[in-house]
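Worksheet for the structure shown next.
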Amino acid sequence: MNEIQHNLRRLDLNLLQLFHALYRLRSVTEAAHELAMSPSAFSHGLSRLRVALDDALFVRQGTQMVPTTKSIAMADSISLALKLLGETLERGQTFHPSRSERTFTFASTDFTAFAVLPKCIAAIQKLAPHLSLRVRYADHNIPLDDLRAGRVDFSIGYDLPASSYAPDIVAQDWFVDQYVVVSSKNHAVCSEGLTLESYLACKHVVVTPWNQARGDIDQLLDDLNLQRQVAVHLPTVLAAPFIVGHSDMLMTMPRLAARTLQQAAAIALHTPPFAIPDYCVKLFSHANYAQSDAHAWMADTLLNTTLQ
């Protein structure tokens, strides 16, 4: 018996699900609830895992269970192993959306989430009422590590040059949108007709979700040897339409998101006074999982949901 076999025989592999849940949720109570266990049974399993791996694995700090260095080093491998095992077993079974109780995890910015998820979730709930969805903030346009480790099933992002896509990432076109300029309803300049000169003379609000120094529109204007006045940088889109609605500032953003925000804020939409390439939203997943029945069904459901 080699060392790997010896180590596996010492370990109850069911305990890896316990590890995975606690690593993600940082709470014994929440992790036990997710696994349909009592907190005491969960704690007993954690004790067994600590003995088997000869490490505390998680230490309590305030209300959270914080992973040790060894846990952090093992987490991605355990997550990927569980994901691959689940997908392998799933391929031998037919996925029934109406009966499935599995959880799909999405990565998205609030910008794409509020624009596309409401209609998508409504469509999913009609077809698969027992499915659960977890949405986490995307810290990159394509969160490669999360997709590869199986922490995320799908990422919703926008188009990038083809050379930017890793070979193990599946990128599916979702929909194409046009940019619009957003102003307050009573904006004096826009009410007279927005021109390139007036656009550049106004101040602007820019959302940069990953703390970029500049927005995509600023890079486009650079190529045209033009420059606008950016007065406000925001990490999320939530406050942006209300700032624009109560000021003389402008914001340039995709039409679908702007129309959704128009229901809540006193804003008006205008055609940009210069050419802007279309905004292409893509659905990203990892090649290891993209061919499973469950992933294929979810991707098909999302891509066929009417958003416009």
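In the structure tokens, the first chain shown is A, the next is B, and so on; residue numbers restart at 1 for each chain, and ligands run from 1 in the order shown.
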Within 12 Å of Glu34 in chain A using only C-alpha atoms, minus same-chain residues under 3 positions, as a ChimeraX atom specification: /A:17-18,20-22,24-25,27-31,37-39,42,101-103,132
Which of range 7-206 of chain A DSSP labels alpha helix (DSSP H), written as a VMD selection string: chain A and resid 7 to 10 15 to 25 28 to 34 39 to 53 69 to 91 110 to 127 144 to 149 188 to 191 196 to 201
Top pick for closest residue to Asp223 in chain A, considering A:Ile276, A:Trp174, A:Val281, A:Lys185 and counting only C-alpha atoms: A:Ile276
Which of A:Ala287, A:Val181, A:Val51, A:Met298 sits closest to Thr105 in chain A [using only C-alpha atoms]: A:Met298
Gap from CA of Met251 in chain A to CA of Phe175 in chain A - Å, one decimal: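 Distance between the two atoms: 21.5 Å.
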Cys202 in chain A surroundings by only C-alpha atoms, 9 Å radius, close-in-sequence under 3 positions cut, as a list in words: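 Selected residues are Val189, Glu197, Ser198, Tyr199, Arg228, Gln229, Val230, Asp248, Met249 and Leu250 of chain A.
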Backbone-only DSSP, strand (DSSP E) members of range 118-223 of chain A, as number ranges by chain: A: 132-137, 154-158, 169-177, 179-184, 203-207
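Every protein or nucleic acid residue with an atom no more than 12 Å from Trp297 in chain A, counting only C-alpha atoms and leaving out same-chain residues fewer than 5 positions away, appears here: Thr94, Phe95, His96, Pro97, Ser98, Ser100, Phe104, Ile124, Leu127, Ala128, Tyr289, Ala290, Gln291, Ser292, Leu302, Leu303 and Asn304 of chain A.
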Selection near Leu82 in chain A, 10 Å with only C-alpha atoms, sequence-local residues under 6 positions removed, as a PyMOL selection string: chain A and resi 13-14+16-17+20+76+88+149-150
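Relative to CA of Asp173 in chain A, CA of Thr301 in chain A is found at 13.3 Å.
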Neighbour list for range 165-169 of chain A as a list in words, cut-off 12 Å, only C-alpha atoms, skip fewer than 2 positions in-chain: Asn141, Ile142, Pro143, Leu144, Asp145, Asp146, Leu147, Arg148, Asp153, Phe154, Ser155, Gly157, Tyr158, Asp159, Leu160, Pro161, Ala162, Ser163, Ala171, Gln172, Lys282, Leu283, Phe284, Ser285, His286, Ala287, Asn288, Tyr289 and Ala290 of chain A
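Atom to atom, CA of Gly245 in chain A and CA of Glu192 in chain A stand 17.3 Å apart.
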Nearest-residue call for Ala113 in chain A, choices A:Leu256, A:Ala275, A:Val206, A:Ala75, using only C-alpha atoms: A:Leu256
